[in-house]
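Participant: The structure under discussion is supplied below as structure tokens; questions concerning it will follow.
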Amino acid sequence: MKTAILSILIVLFSAHEFHLSLTEIRHNSESRSIEVSIKLFTDDLLVALEQAGAPKMELGTENEPPEANELIESYLKAHFKLMVNGKPTEFTYLGKEAELDATWCFVEVKDVKKVQTIEVQNTLLLEAFDDQTNMINLNINGRKKSGLARKGSKSLKFEF
């Protein structure tokens, strides 16, 4: 009986009822780069990509289309921007890793010797979900800071 109830609960709650992303930003002083990892629920990412004009697709399976990385990179460049020390930056899309229900996207900003300020504009998935919250964690010069981006508060500035 307990197993049946547990199975029912797992099925009922397996479709998440909240919309959250996690962005980890770290300055690597040795390589003089800013390393960014973005974790998105895969089903939410697919909804946003389709709304942006991408075809219906699967990520992390043998059915993933060859253009998936290009579509994700284009979406990230439109919805995620960094200003470092008051200057806009361009990031390099490094790729993605699909997990069970989430997709990690990795980007890097090169040639960043020192970080005094970072402004993060994170509008990922905001056009798709009214309740979307984008959590941002930074580790710069050994100092950790965090913030939340959502509708009405899409841009955050951090000083180090």
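By order in the structure tokens, chains are A, B, ...; within a chain, residues start at 1; ligands start at 1, following the order shown.
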As number ranges by chain, list the residues of stretch 9-158 of chain A assigned to strand (DSSP E) by DSSP on the backbone atoms of this structure.
Facilitator: A: 20-28, 33-41, 80-84, 87-88, 92-98, 102-110, 117-122, 133-140, 143-150, 155-158
Participant: Kindly save the residues from that selection, with C-alpha atoms included, as a compact mmCIF listing (two decimals), in the first residue's frame.
Facilitator:
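Here's the written file again.txt:
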```
# COMPACT_ATOMS: atom_id res chain seq x y z
CA LEU A 20 13.40 28.24 -11.61
CA SER A 21 16.84 28.41 -13.17
CA LEU A 22 20.20 28.43 -11.45
CA THR A 23 23.18 30.38 -12.78
CA GLU A 24 26.63 29.94 -11.26
CA ILE A 25 29.21 32.62 -12.18
CA ARG A 26 32.85 32.19 -11.19
CA HIS A 27 35.98 34.16 -12.00
CA ASN A 28 38.95 31.94 -12.78
CA SER A 33 38.02 34.05 -17.58
CA ILE A 34 34.51 34.11 -16.20
CA GLU A 35 32.97 30.66 -16.19
CA VAL A 36 29.18 30.45 -16.24
CA SER A 37 27.00 27.37 -15.67
CA ILE A 38 23.25 27.69 -16.20
CA LYS A 39 20.86 24.96 -15.06
CA LEU A 40 17.41 24.98 -16.67
CA PHE A 41 14.53 22.52 -16.49
CA PHE A 80 21.71 36.35 -20.92
CA LYS A 81 24.16 39.26 -20.89
CA LEU A 82 27.09 40.23 -18.68
CA MET A 83 28.75 43.59 -18.18
CA VAL A 84 32.11 43.33 -16.43
CA LYS A 87 31.84 47.04 -20.22
CA PRO A 88 29.58 44.70 -22.22
CA THR A 92 31.62 31.76 -25.90
CA TYR A 93 29.07 28.95 -25.74
CA LEU A 94 30.94 25.83 -24.64
CA GLY A 95 28.08 23.33 -24.79
CA LYS A 96 25.49 21.61 -22.65
CA GLU A 97 24.91 18.51 -20.57
CA ALA A 98 21.46 16.99 -20.30
CA ALA A 102 17.54 19.48 -16.36
CA THR A 103 20.02 20.83 -18.89
CA TRP A 104 23.26 22.52 -17.89
CA CYS A 105 24.54 25.14 -20.35
CA PHE A 106 28.13 26.34 -20.14
CA VAL A 107 29.53 29.66 -21.36
CA GLU A 108 32.78 31.54 -20.83
CA VAL A 109 33.94 35.14 -21.05
CA LYS A 110 37.65 35.31 -21.87
CA THR A 117 31.67 44.86 -10.86
CA ILE A 118 29.42 42.48 -12.75
CA GLU A 119 26.00 43.36 -14.08
CA VAL A 120 23.90 40.34 -15.01
CA GLN A 121 20.88 40.66 -17.27
CA ASN A 122 19.06 37.34 -17.08
CA THR A 133 12.74 33.07 -11.16
CA ASN A 134 16.40 33.03 -12.17
CA MET A 135 18.72 32.50 -9.21
CA ILE A 136 22.23 33.86 -9.71
CA ASN A 137 25.18 32.83 -7.52
CA LEU A 138 28.58 34.46 -7.95
CA ASN A 139 31.99 33.50 -6.60
CA ILE A 140 34.40 36.31 -7.43
CA ARG A 143 33.59 36.44 -2.26
CA LYS A 144 30.15 34.92 -2.72
CA LYS A 145 27.04 36.90 -3.63
CA SER A 146 23.57 35.95 -4.84
CA GLY A 147 20.52 37.53 -6.41
CA LEU A 148 17.20 36.77 -8.09
CA ALA A 149 16.14 37.92 -11.54
CA ARG A 150 12.47 37.82 -12.47
CA SER A 155 19.17 43.09 -14.26
CA LEU A 156 21.34 42.79 -11.15
CA LYS A 157 24.61 44.57 -10.34
CA PHE A 158 27.24 43.17 -7.99
```
Participant: Just to confirm, what's the straight-line distance from atom CA of A:Glu127 to atom CA of A:Asn63 in Å (one decimal)?
Facilitator: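 One can read the atom CA of A:Glu127 to atom CA of A:Asn63 distance as 26.2 Å.
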Participant: Mind giving me the straight-line distance from atom CA of A:Glu62 to atom CA of A:Ala78 in Å, one decimal?
Facilitator: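 So the two atoms, atom CA of A:Glu62 and atom CA of A:Ala78, lie 26.9 Å apart.
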Participant: When you count only C-alpha atoms, which of these residues is closest to A:Glu58: A:Asp43, A:Thr89, A:Glu70, A:Glu99?
Facilitator: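 Nearest candidate to A:Glu58 out of A:Asp43, A:Thr89, A:Glu70, A:Glu99: A:Asp43.
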Participant: Ranking A:Asp130, A:Thr123, A:Arg32, A:Tyr75 by minimum distance to A:Ser153 and counting only C-alpha atoms, which one comes first?
Facilitator: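 Going through A:Asp130, A:Thr123, A:Arg32, A:Tyr75 one by one, the smallest distance to A:Ser153 is for A:Thr123.
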